[in-house]
Number of protein chains: 4
Amino acid sequence: VGPFDHPWLSGLFADPEMAAIWSAQTQLSHMCAFEAAWSRSGHLAGLWAGQEGTAAAKAIEGFTLDPKDLAEGTAHDGLCVPSLVRFLKAVAGDAVHRGATSQDVIDTALALCIAATLDLVDRRLAALADELAALEGRFGDAPLMGRTRMQAALPIHVRDRVRIWRSPLSEHRHRIQQLRPRVARIQIGGAAGDRAALGNNAQQMCDAVAAELGLESAAHSWHATRDSIAEFANLLSLISGSLGKFGQDVALMAQQGVDEISLSCGGGSSAMPHKQNPILAELLVSLARYNAVQLSGMHQALVHEQERSGAAWTLEWMLLPQMAQATGRALVAGEQLVGQINAMGTDH
Amino acid sequence: VGPFDHPWLSGLFADPEMAAIWSAQTQLSHMCAFEAAWSRSGHLAGLWAGQEGTAAAKAIEGFTLDPKDLAEGTAHDGLCVPSLVRFLKAVAGDAVHRGATSQDVIDTALALCIAATLDLVDRRLAALADELAALEGRFGDAPLMGRTRMQAALPIHVRDRVRIWRSPLSEHRHRIQQLRPRVARIQIGGAAGDRAALGNNAQQMCDAVAAELGLESAAHSWHATRDSIAEFANLLSLISGSLGKFGQDVALMAQQGVDEISLSCGGGSSAMPHKQNPILAELLVSLARYNAVQLSGMHQALVHEQERSGAAWTLEWMLLPQMAQATGRALVAGEQLVGQINAMGTDH
Amino acid sequence: VGPFDHPWLSGLFADPEMAAIWSAQTQLSHMCAFEAAWSRSGHLAGLWAGQEGTAAAKAIEGFTLDPKDLAEGTAHDGLCVPSLVRFLKAVAGDAVHRGATSQDVIDTALALCIAATLDLVDRRLAALADELAALEGRFGDAPLMGRTRMQAALPIHVRDRVRIWRSPLSEHRHRIQQLRPRVARIQIGGAAGDRAALGNNAQQMCDAVAAELGLESAAHSWHATRDSIAEFANLLSLISGSLGKFGQDVALMAQQGVDEISLSCGGGSSAMPHKQNPILAELLVSLARYNAVQLSGMHQALVHEQERSGAAWTLEWMLLPQMAQATGRALVAGEQLVGQINAMGTDH
Amino acid sequence: VGPFDHPWLSGLFADPEMAAIWSAQTQLSHMCAFEAAWSRSGHLAGLWAGQEGTAAAKAIEGFTLDPKDLAEGTAHDGLCVPSLVRFLKAVAGDAVHRGATSQDVIDTALALCIAATLDLVDRRLAALADELAALEGRFGDAPLMGRTRMQAALPIHVRDRVRIWRSPLSEHRHRIQQLRPRVARIQIGGAAGDRAALGNNAQQMCDAVAAELGLESAAHSWHATRDSIAEFANLLSLISGSLGKFGQDVALMAQQGVDEISLSCGGGSSAMPHKQNPILAELLVSLARYNAVQLSGMHQALVHEQERSGAAWTLEWMLLPQMAQATGRALVAGEQLVGQINAMGTDH
């Protein structure tokens, strides 16, 4: 069991809001939403009559499935969509999925997860920036020893260090704005990625499906060009990295002898009940290093052969949801840690 | 939810035997086994009377706990042991844990997981080697085009390529033998790692605890020296890497136009029912690249500050169990893939 | 000797234009340009009289130094600036460097290297896109077998695959535009990063130095917030990753039996004179995987403690110039590879 | 220019002894030594008459070449051997290289570099262990605050912390012993890796070549099974990781307020002449993290397709020599840092 879902480690690592965004249940809902939108819009490309598509869409929207029912098919096919489509066709008839391919379904569901992640992360970045501003308001005038290369340098003020923690947050929010149209967008390519089955009205149909799902449309599929997905992973790791820097600083400030910060609610020790460990500060470092590691794999997956690479795409599945979990948890832990700060500065 | 536990992705990624070795339930059992052995042996270091320790050990052995009950304590303390010790003391009294520390408990439980992993992996390596030998027996004489730098080089035989797949497996088994004493060993250091609370008979007590748990003893703690753990991670990735090479070769051989292998049971496509995708071959590549990525983090965790680094140790928890899962799955998938081979060679 | 400078491996890996941008000589010139601009603008912050600063700036601009003369100082101080400042003061007097710190000098020189890199990369991306468009013009109508999961899927056309190679290039150019103001900017913080020595006119002075160097100004230092540097590294790896996908596809197309591409000028073998190895295609894959690896370290370096981390900053020096070299070489190799394509398509 | 060869950064990063082991000149010598041994032993496999081979070997041994002369050929062929063989045949005639392949030459040269690296590293590990033992002798009885999770835990003694630094060194020496026969061994496979050109006496010839070069023989080629090379990379990173832990501890001990260590010869600052920066301690952390990053790429290169992967093998060339440099430098810097320690302990 991974750290984010483990019976007790989840106490440290879990972020329920982010977990909900990436849960199997949500992914399944997104896939069904794609299929419903596909059925409803298919008449635009002459895949079936409008009435037939609408009926199928309604049947899909009324259908529920236990995610576990897709496991056997996934074991056989390497992905869940062939099995899902069989279930959907059984209830919704033939005006289903034709002209689409598994990757259209899974990547569009991914785009919906990413869009929701960007919303959540953006909101939390704003909130954390506010709380750091308030922290600066409380303790900013206090003197602090500036430290470079782990050595005392020259006196600064608490505000200078808090400013360092704050300043990347608005940059990250700016990055989210710039990135969003590249990732919150529809994936439609069909079997070989060229939309051949959709004929001359392919773009019109793609626009309609995108609009229904609240995503950007796309002029062509991005089955095999994963640069925006890797860029999203980079953003996740930039954010957890900025928070790792915050955590590292707090852990250093909390050392006895340095005594530049006072924290409430540190963690206890089984052998030394007197200790107050800066658990959240250390956790932020761990999460930052974790994402810095995972990011490498997302970039390895850019070497995505031909029209669809099973190997590279599968690697993304193993890495990206966990990166989102780590970033989500880092943002929550960052806010919690700010809330634990009772005092800052050399003479507090 | 991580790929190994996901409702449907687990159909592709899960290895139930390996999952059992690293499950929360098993880890909890190992931690309780450590605590029972500790209680039973504590009289050797004068921690308590023998009778008192025996009674506590029996109480611990009779105790059961829902792993989830440790989540709240983990959230507070950054690890589960303070909470676990409170539960154990409530049923087993005071002859519990004294002189030990959280890391002794968690790392010894880890050593037991690693020992079981080495057993399982070794057994599977042997079985896979046998099956590849049988494969060579069936198809070894068939001609094959040797390919270097993705180009036809000179004719070889199927046995030459199968030999490449086989030869690392016995090397890996040799590595397991060499590594085992460095990782299947007790962790005992106490609060600050120096066994100070155990007095002059510290080593005697450590030997007894190790013997009871079936682990190597250790002359001192390895709280902050994680080289053997990183070496174990390296072994996991070497093995999945060798299998990734096998998978990559099979996927290349299965290409239309190359046609050097015939597989049964390939995966289906939602858009192209005629396709037979070499799912397991691609999966082996994904698992190899996954572990190659994770390994980097296990080596980052070697920079483990002072007597115990919360940040570095927590990072290990996030990475190592998943690496074991990936290697376990790769070994099973490797065997399954051998079983799917119907024919090999240029003229099959 | 690293691969980019090695006596014979450089035949494969070197990109002289990119090497010039990141050469020691260029870095030294940038550092001296910073120091000259600093001397010239220092009167704005009352560091010295305008005349004195102008004279010092001219002396610095007329000064030349063998880069090797900074080695001894670097060995002692961990960086070259203290030594460089001593040299400069010897020729330019006292109106030098005061109020600045080593990191201001080195990071501003880095920003100038990055700005030149973005220019070069942008120009090459445009050129490569043009050449791929021309390639599409020549062979786009030819039939090609679409391949997914390493298996024949459905027939497509050459244009579909070339489109996959082309489409990320314009996205990368867009990313360059978005990123440039975050990285092509001045670094000024002074000893502890707070510009304390520059007094009330600090921003005015920073703006002047930035303008003289052709960089964006900055409202505060970014000594310890390395997110934009990591984002630049991400961009480098996105680009080499896109080219790695192109290379992987070409290597697969060039296989005997697949025969979907014809290349001139492949590499020879010492044992098989008849072979034509797709050297550049493989090289693109190697460069992509190389950068995907290095990127992880650039993100580890986000955990940058306090006002300046020697450890994290030093790690950047080890990684980033090499990533730029790899991306530069990938772009050149990509263009060379397009030029080697004689024919494409199933029936060429 | 990479950090190890840079005009001034080399002051910080260079290790001349290790650089000599991996220099182009040494690699070229090793390649020529292989070719001479090949010529001398070729009569055993009937490749040519003994006298002819001996004459060719002598001619090769008397031949010198500027490494740069191999650059053009490397650019064309992707590796230097075809070009080298042409040079050698011009002076030594036809009893040269026949039956061998480029990878035999390059990998055997690599094995010789690795063997020399293991010797140097082993010697330095022993010396460093001795110096740490002496350090323990000088300061071991001094009290020190044990620190866990960055917090004061319980008092220990300096010897306890020095023991943590020392203990992995002997483990690494043990690992070298275990690994050596797997890496210091001949590579002989011929064009397609099966030694087909050597006939029935292939093993006899391989044994003779190995004996002449002072390497282990091998029962078959390891062209495409790179597990032992990746294991060597792992060892390099384990060692630099252990030293990174030492460096991190020293940097933490040297903080003002903690004051547990006194160092001579720290590095100076351009802005703060009073500072004494723990340059070498930070460098050890950088080198550890650098190698932890590179290792991931060496494991990616395990996915080595078919009989020879240009892409995977080329990736090794980019990574492994630099890892050896980093480990070499870390060992020297570790010894230097021990030599800078004037006092240790809480009350020094």
# chains A, B, ... in the order shown; residues from 1 in each chain; ligands from 1
call {"tool": "interface_residues", "arguments": {"of": "chain D", "to": "chain C", "cutoff": "6 Å", "atoms": "only C-alpha atoms", "output": "PDB file with N, CA, C and O atoms, in the first residue's frame"}}
result
ATOM      1  N   GLY D   2      32.341  20.549 -18.345  1.00  0.00           N
ATOM      2  CA  GLY D   2      31.816  19.962 -17.125  1.00  0.00           C
ATOM      3  C   GLY D   2      32.556  20.447 -15.883  1.00  0.00           C
ATOM      4  O   GLY D   2      33.660  20.992 -15.975  1.00  0.00           O
ATOM      5  N   PRO D   3      31.965  20.251 -14.715  1.00  0.00           N
ATOM      6  CA  PRO D   3      32.538  20.801 -13.481  1.00  0.00           C
ATOM      7  C   PRO D   3      33.914  20.226 -13.151  1.00  0.00           C
ATOM      8  O   PRO D   3      34.728  20.901 -12.520  1.00  0.00           O
ATOM      9  N   PRO D   7      37.887  25.400 -16.054  1.00  0.00           N
ATOM     10  CA  PRO D   7      39.112  26.102 -15.643  1.00  0.00           C
ATOM     11  C   PRO D   7      39.140  26.484 -14.169  1.00  0.00           C
ATOM     12  O   PRO D   7      40.193  26.370 -13.544  1.00  0.00           O
ATOM     13  N   TRP D   8      38.035  26.980 -13.638  1.00  0.00           N
ATOM     14  CA  TRP D   8      38.107  27.309 -12.205  1.00  0.00           C
ATOM     15  C   TRP D   8      37.271  26.393 -11.307  1.00  0.00           C
ATOM     16  O   TRP D   8      37.678  26.108 -10.196  1.00  0.00           O
ATOM     17  N   GLY D  11      38.958  23.617  -9.556  1.00  0.00           N
ATOM     18  CA  GLY D  11      39.587  23.845  -8.248  1.00  0.00           C
ATOM     19  C   GLY D  11      38.776  23.219  -7.127  1.00  0.00           C
ATOM     20  O   GLY D  11      39.323  22.766  -6.117  1.00  0.00           O
ATOM     21  N   LEU D  12      37.489  23.162  -7.322  1.00  0.00           N
ATOM     22  CA  LEU D  12      36.590  22.587  -6.318  1.00  0.00           C
ATOM     23  C   LEU D  12      36.321  21.110  -6.587  1.00  0.00           C
ATOM     24  O   LEU D  12      36.231  20.306  -5.659  1.00  0.00           O
ATOM     25  N   PRO D  67      44.270  11.454 -29.338  1.00  0.00           N
ATOM     26  CA  PRO D  67      42.850  11.102 -29.168  1.00  0.00           C
ATOM     27  C   PRO D  67      41.921  11.913 -30.073  1.00  0.00           C
ATOM     28  O   PRO D  67      40.893  11.403 -30.514  1.00  0.00           O
ATOM     29  N   LYS D  68      42.288  13.137 -30.349  1.00  0.00           N
ATOM     30  CA  LYS D  68      41.417  13.979 -31.185  1.00  0.00           C
ATOM     31  C   LYS D  68      41.244  13.423 -32.590  1.00  0.00           C
ATOM     32  O   LYS D  68      40.273  13.748 -33.275  1.00  0.00           O
ATOM     33  N   LEU D  70      40.340  10.708 -33.383  1.00  0.00           N
ATOM     34  CA  LEU D  70      39.196   9.798 -33.443  1.00  0.00           C
ATOM     35  C   LEU D  70      37.849  10.531 -33.479  1.00  0.00           C
ATOM     36  O   LEU D  70      36.800   9.904 -33.563  1.00  0.00           O
ATOM     37  N   ALA D  71      37.889  11.857 -33.391  1.00  0.00           N
ATOM     38  CA  ALA D  71      36.630  12.620 -33.278  1.00  0.00           C
ATOM     39  C   ALA D  71      35.790  12.520 -34.543  1.00  0.00           C
ATOM     40  O   ALA D  71      34.574  12.323 -34.491  1.00  0.00           O
ATOM     41  N   GLU D  72      36.443  12.655 -35.694  1.00  0.00           N
ATOM     42  CA  GLU D  72      35.681  12.658 -36.942  1.00  0.00           C
ATOM     43  C   GLU D  72      34.987  11.313 -37.148  1.00  0.00           C
ATOM     44  O   GLU D  72      33.814  11.250 -37.511  1.00  0.00           O
ATOM     45  N   THR D  74      34.154   9.224 -34.835  1.00  0.00           N
ATOM     46  CA  THR D  74      33.098   9.074 -33.832  1.00  0.00           C
ATOM     47  C   THR D  74      31.843   9.814 -34.268  1.00  0.00           C
ATOM     48  O   THR D  74      30.720   9.329 -34.087  1.00  0.00           O
ATOM     49  N   ALA D  75      32.035  10.990 -34.844  1.00  0.00           N
ATOM     50  CA  ALA D  75      30.880  11.742 -35.335  1.00  0.00           C
ATOM     51  C   ALA D  75      30.131  10.934 -36.389  1.00  0.00           C
ATOM     52  O   ALA D  75      28.903  10.948 -36.453  1.00  0.00           O
ATOM     53  N   HIS D  76      30.867  10.221 -37.200  1.00  0.00           N
ATOM     54  CA  HIS D  76      30.231   9.475 -38.287  1.00  0.00           C
ATOM     55  C   HIS D  76      29.618   8.162 -37.818  1.00  0.00           C
ATOM     56  O   HIS D  76      28.501   7.800 -38.212  1.00  0.00           O
ATOM     57  N   ASP D  77      30.362   7.441 -36.997  1.00  0.00           N
ATOM     58  CA  ASP D  77      29.964   6.071 -36.658  1.00  0.00           C
ATOM     59  C   ASP D  77      29.253   5.968 -35.315  1.00  0.00           C
ATOM     60  O   ASP D  77      28.729   4.909 -34.967  1.00  0.00           O
ATOM     61  N   GLY D  78      29.304   7.027 -34.518  1.00  0.00           N
ATOM     62  CA  GLY D  78      28.681   6.961 -33.201  1.00  0.00           C
ATOM     63  C   GLY D  78      29.615   6.391 -32.162  1.00  0.00           C
ATOM     64  O   GLY D  78      29.287   6.381 -30.981  1.00  0.00           O
ATOM     65  N   PRO D  82      35.669   1.978 -35.212  1.00  0.00           N
ATOM     66  CA  PRO D  82      35.955   1.799 -36.643  1.00  0.00           C
ATOM     67  C   PRO D  82      37.131   2.661 -37.094  1.00  0.00           C
ATOM     68  O   PRO D  82      38.011   2.200 -37.838  1.00  0.00           O
ATOM     69  N   THR D 101      34.434  -6.828 -32.062  1.00  0.00           N
ATOM     70  CA  THR D 101      33.540  -5.745 -32.459  1.00  0.00           C
ATOM     71  C   THR D 101      33.832  -4.532 -31.587  1.00  0.00           C
ATOM     72  O   THR D 101      34.517  -4.627 -30.571  1.00  0.00           O
ATOM     73  N   SER D 102      33.308  -3.418 -31.991  1.00  0.00           N
ATOM     74  CA  SER D 102      33.584  -2.170 -31.269  1.00  0.00           C
ATOM     75  C   SER D 102      33.301  -2.306 -29.783  1.00  0.00           C
ATOM     76  O   SER D 102      34.046  -1.815 -28.931  1.00  0.00           O
ATOM     77  N   ALA D 191      30.643  -9.490 -33.445  1.00  0.00           N
ATOM     78  CA  ALA D 191      29.647  -8.632 -34.077  1.00  0.00           C
ATOM     79  C   ALA D 191      28.251  -8.768 -33.482  1.00  0.00           C
ATOM     80  O   ALA D 191      27.594  -7.774 -33.190  1.00  0.00           O
ATOM     81  N   GLY D 267      36.089  28.377   3.607  1.00  0.00           N
ATOM     82  CA  GLY D 267      36.144  29.276   2.461  1.00  0.00           C
ATOM     83  C   GLY D 267      35.692  30.680   2.815  1.00  0.00           C
ATOM     84  O   GLY D 267      34.882  30.875   3.719  1.00  0.00           O
ATOM     85  N   GLY D 268      36.194  31.651   2.100  1.00  0.00           N
ATOM     86  CA  GLY D 268      35.858  33.042   2.348  1.00  0.00           C
ATOM     87  C   GLY D 268      34.700  33.504   1.488  1.00  0.00           C
ATOM     88  O   GLY D 268      34.277  32.835   0.549  1.00  0.00           O
ATOM     89  N   SER D 270      32.920  36.912  -0.652  1.00  0.00           N
ATOM     90  CA  SER D 270      33.302  38.173  -1.290  1.00  0.00           C
ATOM     91  C   SER D 270      32.707  39.356  -0.543  1.00  0.00           C
ATOM     92  O   SER D 270      33.164  40.478  -0.685  1.00  0.00           O
ATOM     93  N   ALA D 271      31.639  39.121   0.230  1.00  0.00           N
ATOM     94  CA  ALA D 271      30.972  40.231   0.905  1.00  0.00           C
ATOM     95  C   ALA D 271      31.267  40.252   2.408  1.00  0.00           C
ATOM     96  O   ALA D 271      31.106  41.272   3.054  1.00  0.00           O
ATOM     97  N   ILE D 279      33.101  24.750   3.163  1.00  0.00           N
ATOM     98  CA  ILE D 279      33.021  24.442   1.726  1.00  0.00           C
ATOM     99  C   ILE D 279      33.048  22.949   1.447  1.00  0.00           C
ATOM    100  O   ILE D 279      32.229  22.426   0.687  1.00  0.00           O
ATOM    101  N   GLU D 282      29.869  21.070   2.478  1.00  0.00           N
ATOM    102  CA  GLU D 282      28.779  21.267   1.512  1.00  0.00           C
ATOM    103  C   GLU D 282      29.063  20.536   0.202  1.00  0.00           C
ATOM    104  O   GLU D 282      28.152  19.981  -0.421  1.00  0.00           O
ATOM    105  N   VAL D 285      27.940  17.023   0.238  1.00  0.00           N
ATOM    106  CA  VAL D 285      26.493  16.870   0.032  1.00  0.00           C
ATOM    107  C   VAL D 285      26.158  16.990  -1.450  1.00  0.00           C
ATOM    108  O   VAL D 285      25.397  16.174  -1.997  1.00  0.00           O
ATOM    109  N   SER D 286      26.735  17.970  -2.121  1.00  0.00           N
ATOM    110  CA  SER D 286      26.466  18.146  -3.554  1.00  0.00           C
ATOM    111  C   SER D 286      26.872  16.909  -4.350  1.00  0.00           C
ATOM    112  O   SER D 286      26.143  16.457  -5.239  1.00  0.00           O
ATOM    113  N   VAL D 293      21.482  11.237  -8.429  1.00  0.00           N
ATOM    114  CA  VAL D 293      20.749  11.582  -9.655  1.00  0.00           C
ATOM    115  C   VAL D 293      21.241  10.745 -10.834  1.00  0.00           C
ATOM    116  O   VAL D 293      20.450  10.126 -11.553  1.00  0.00           O
ATOM    117  N   GLY D 297      19.985   7.187 -14.259  1.00  0.00           N
ATOM    118  CA  GLY D 297      20.227   6.994 -15.688  1.00  0.00           C
ATOM    119  C   GLY D 297      20.950   5.696 -15.995  1.00  0.00           C
ATOM    120  O   GLY D 297      20.690   5.052 -17.026  1.00  0.00           O
ATOM    121  N   GLY D 310      22.488   1.149 -29.112  1.00  0.00           N
ATOM    122  CA  GLY D 310      23.260   2.380 -29.185  1.00  0.00           C
ATOM    123  C   GLY D 310      22.776   3.403 -28.179  1.00  0.00           C
ATOM    124  O   GLY D 310      23.572   4.074 -27.517  1.00  0.00           O
ATOM    125  N   ALA D 311      21.472   3.523 -28.040  1.00  0.00           N
ATOM    126  CA  ALA D 311      20.917   4.562 -27.176  1.00  0.00           C
ATOM    127  C   ALA D 311      21.280   4.331 -25.713  1.00  0.00           C
ATOM    128  O   ALA D 311      21.690   5.247 -25.002  1.00  0.00           O
ATOM    129  N   LEU D 315      24.174   6.378 -23.392  1.00  0.00           N
ATOM    130  CA  LEU D 315      23.771   7.018 -22.132  1.00  0.00           C
ATOM    131  C   LEU D 315      24.769   6.687 -21.016  1.00  0.00           C
ATOM    132  O   LEU D 315      25.127   7.560 -20.220  1.00  0.00           O
ATOM    133  N   MET D 318      27.742   8.883 -21.021  1.00  0.00           N
ATOM    134  CA  MET D 318      27.507  10.250 -20.555  1.00  0.00           C
ATOM    135  C   MET D 318      27.525  10.345 -19.036  1.00  0.00           C
ATOM    136  O   MET D 318      27.723  11.430 -18.489  1.00  0.00           O
TER     137      MET D 318
END
call {"tool": "residues_around", "arguments": {"residues": "D:Gln204", "least_positions_apart": "2", "cutoff": "12 Å", "atoms": "only C-alpha atoms", "output": "ChimeraX atom specification"}}
result
/D:41-46,188,195,198-202,206-211,217-220
call {"tool": "write_last_selection", "arguments": {"atoms": "all heavy atoms", "output": "compact mmCIF listing (two decimals), in the first residue's frame"}}
result
# COMPACT_ATOMS: atom_id res chain seq x y z
N SER D 41 46.70 -13.08 -29.44
CA SER D 41 46.00 -14.32 -29.09
C SER D 41 45.18 -14.89 -30.24
O SER D 41 44.66 -16.01 -30.12
CB SER D 41 45.07 -14.08 -27.89
OG SER D 41 45.77 -13.51 -26.82
N GLY D 42 45.05 -14.16 -31.32
CA GLY D 42 44.11 -14.55 -32.38
C GLY D 42 44.41 -15.89 -33.00
O GLY D 42 43.51 -16.58 -33.48
N HIS D 43 45.68 -16.29 -32.96
CA HIS D 43 46.02 -17.59 -33.56
C HIS D 43 45.33 -18.73 -32.82
O HIS D 43 45.10 -19.80 -33.38
CB HIS D 43 47.54 -17.77 -33.56
CG HIS D 43 48.11 -17.89 -32.18
ND1 HIS D 43 48.38 -19.11 -31.59
CD2 HIS D 43 48.43 -16.94 -31.27
CE1 HIS D 43 48.87 -18.91 -30.38
NE2 HIS D 43 48.91 -17.59 -30.16
N LEU D 44 45.00 -18.52 -31.56
CA LEU D 44 44.33 -19.58 -30.80
C LEU D 44 42.97 -19.92 -31.39
O LEU D 44 42.48 -21.03 -31.26
CB LEU D 44 44.16 -19.15 -29.33
CG LEU D 44 45.46 -18.94 -28.56
CD1 LEU D 44 45.18 -18.29 -27.20
CD2 LEU D 44 46.18 -20.27 -28.37
N ALA D 45 42.36 -18.92 -32.01
CA ALA D 45 41.06 -19.14 -32.65
C ALA D 45 41.21 -19.26 -34.17
O ALA D 45 40.23 -19.19 -34.89
CB ALA D 45 40.10 -18.00 -32.30
N GLY D 46 42.45 -19.40 -34.60
CA GLY D 46 42.68 -19.57 -36.03
C GLY D 46 42.41 -18.32 -36.86
O GLY D 46 42.16 -18.40 -38.06
N ILE D 188 34.09 -9.98 -24.59
CA ILE D 188 34.33 -10.52 -25.93
C ILE D 188 33.06 -11.17 -26.43
O ILE D 188 32.57 -12.13 -25.82
CB ILE D 188 35.50 -11.53 -25.94
CG1 ILE D 188 36.81 -10.84 -25.55
CG2 ILE D 188 35.64 -12.17 -27.34
CD1 ILE D 188 38.02 -11.77 -25.49
N ARG D 195 30.24 -14.70 -30.33
CA ARG D 195 31.59 -15.21 -30.54
C ARG D 195 31.66 -16.17 -31.74
O ARG D 195 32.57 -17.04 -31.80
CB ARG D 195 32.12 -15.94 -29.29
CG ARG D 195 32.22 -15.05 -28.08
CD ARG D 195 32.76 -15.80 -26.86
NE ARG D 195 32.97 -14.89 -25.72
CZ ARG D 195 33.31 -15.30 -24.52
NH1 ARG D 195 33.50 -16.59 -24.27
NH2 ARG D 195 33.48 -14.44 -23.54
N LEU D 198 34.86 -16.88 -33.65
CA LEU D 198 36.03 -17.45 -32.95
C LEU D 198 36.04 -18.97 -32.97
O LEU D 198 37.02 -19.59 -32.53
CB LEU D 198 36.10 -16.94 -31.51
CG LEU D 198 36.11 -15.41 -31.37
CD1 LEU D 198 36.32 -15.03 -29.91
CD2 LEU D 198 37.19 -14.77 -32.23
N GLY D 199 34.97 -19.57 -33.41
CA GLY D 199 34.95 -21.01 -33.55
C GLY D 199 35.03 -21.75 -32.23
O GLY D 199 34.69 -21.22 -31.17
N ASN D 200 35.55 -22.99 -32.30
CA ASN D 200 35.53 -23.87 -31.12
C ASN D 200 36.49 -23.46 -30.03
O ASN D 200 36.32 -23.84 -28.87
CB ASN D 200 35.84 -25.30 -31.55
CG ASN D 200 34.70 -25.86 -32.38
OD1 ASN D 200 33.54 -25.44 -32.24
ND2 ASN D 200 35.03 -26.80 -33.27
N ASN D 201 37.51 -22.71 -30.37
CA ASN D 201 38.49 -22.32 -29.36
C ASN D 201 38.22 -20.92 -28.79
O ASN D 201 39.12 -20.30 -28.23
CB ASN D 201 39.89 -22.37 -29.95
CG ASN D 201 40.32 -23.81 -30.18
OD1 ASN D 201 39.82 -24.73 -29.50
ND2 ASN D 201 41.21 -24.01 -31.13
N ALA D 202 36.99 -20.48 -28.95
CA ALA D 202 36.66 -19.12 -28.51
C ALA D 202 37.04 -18.90 -27.04
O ALA D 202 37.69 -17.91 -26.70
CB ALA D 202 35.17 -18.87 -28.71
N CYS D 206 39.58 -16.19 -25.41
CA CYS D 206 39.09 -15.17 -24.46
C CYS D 206 39.90 -15.22 -23.17
O CYS D 206 40.28 -14.18 -22.61
CB CYS D 206 37.61 -15.38 -24.16
SG CYS D 206 36.57 -15.12 -25.61
N ASP D 207 40.18 -16.42 -22.70
CA ASP D 207 40.97 -16.57 -21.48
C ASP D 207 42.35 -15.94 -21.66
O ASP D 207 42.87 -15.29 -20.74
CB ASP D 207 41.12 -18.04 -21.10
CG ASP D 207 39.79 -18.68 -20.71
OD1 ASP D 207 38.78 -17.94 -20.54
OD2 ASP D 207 39.74 -19.92 -20.62
N ALA D 208 42.93 -16.16 -22.82
CA ALA D 208 44.28 -15.62 -23.05
C ALA D 208 44.27 -14.10 -23.09
O ALA D 208 45.15 -13.44 -22.52
CB ALA D 208 44.83 -16.18 -24.37
N VAL D 209 43.29 -13.53 -23.77
CA VAL D 209 43.20 -12.07 -23.84
C VAL D 209 42.98 -11.50 -22.44
O VAL D 209 43.63 -10.52 -22.03
CB VAL D 209 42.08 -11.63 -24.80
CG1 VAL D 209 41.89 -10.12 -24.77
CG2 VAL D 209 42.38 -12.10 -26.22
N ALA D 210 42.10 -12.13 -21.68
CA ALA D 210 41.82 -11.66 -20.32
C ALA D 210 43.08 -11.73 -19.47
O ALA D 210 43.40 -10.78 -18.72
CB ALA D 210 40.71 -12.51 -19.69
N ALA D 211 43.80 -12.83 -19.56
CA ALA D 211 45.02 -12.99 -18.76
C ALA D 211 46.03 -11.91 -19.11
O ALA D 211 46.67 -11.32 -18.23
CB ALA D 211 45.61 -14.38 -18.98
N SER D 217 38.29 -13.63 -16.96
CA SER D 217 37.70 -14.05 -18.22
C SER D 217 36.18 -14.08 -18.06
O SER D 217 35.64 -13.73 -17.00
CB SER D 217 38.23 -15.43 -18.62
OG SER D 217 37.85 -15.70 -19.96
N ALA D 218 35.49 -14.41 -19.12
CA ALA D 218 34.03 -14.43 -19.07
C ALA D 218 33.56 -15.55 -19.96
O ALA D 218 34.14 -15.79 -21.03
CB ALA D 218 33.45 -13.10 -19.56
N ALA D 219 32.52 -16.24 -19.53
CA ALA D 219 32.03 -17.38 -20.29
C ALA D 219 31.24 -16.95 -21.53
O ALA D 219 31.04 -17.74 -22.45
CB ALA D 219 31.16 -18.27 -19.40
N HIS D 220 30.79 -15.73 -21.50
CA HIS D 220 30.09 -15.21 -22.67
C HIS D 220 30.13 -13.69 -22.59
O HIS D 220 30.52 -13.11 -21.57
CB HIS D 220 28.65 -15.74 -22.75
CG HIS D 220 27.94 -15.69 -21.45
ND1 HIS D 220 27.56 -14.52 -20.85
CD2 HIS D 220 27.55 -16.68 -20.59
CE1 HIS D 220 26.96 -14.77 -19.72
NE2 HIS D 220 26.95 -16.08 -19.51
call {"tool": "atom_distance", "arguments": {"atom1": "atom CA of D:Thr117", "atom2": "atom CA of D:Met18"}}
result
7.2 Å
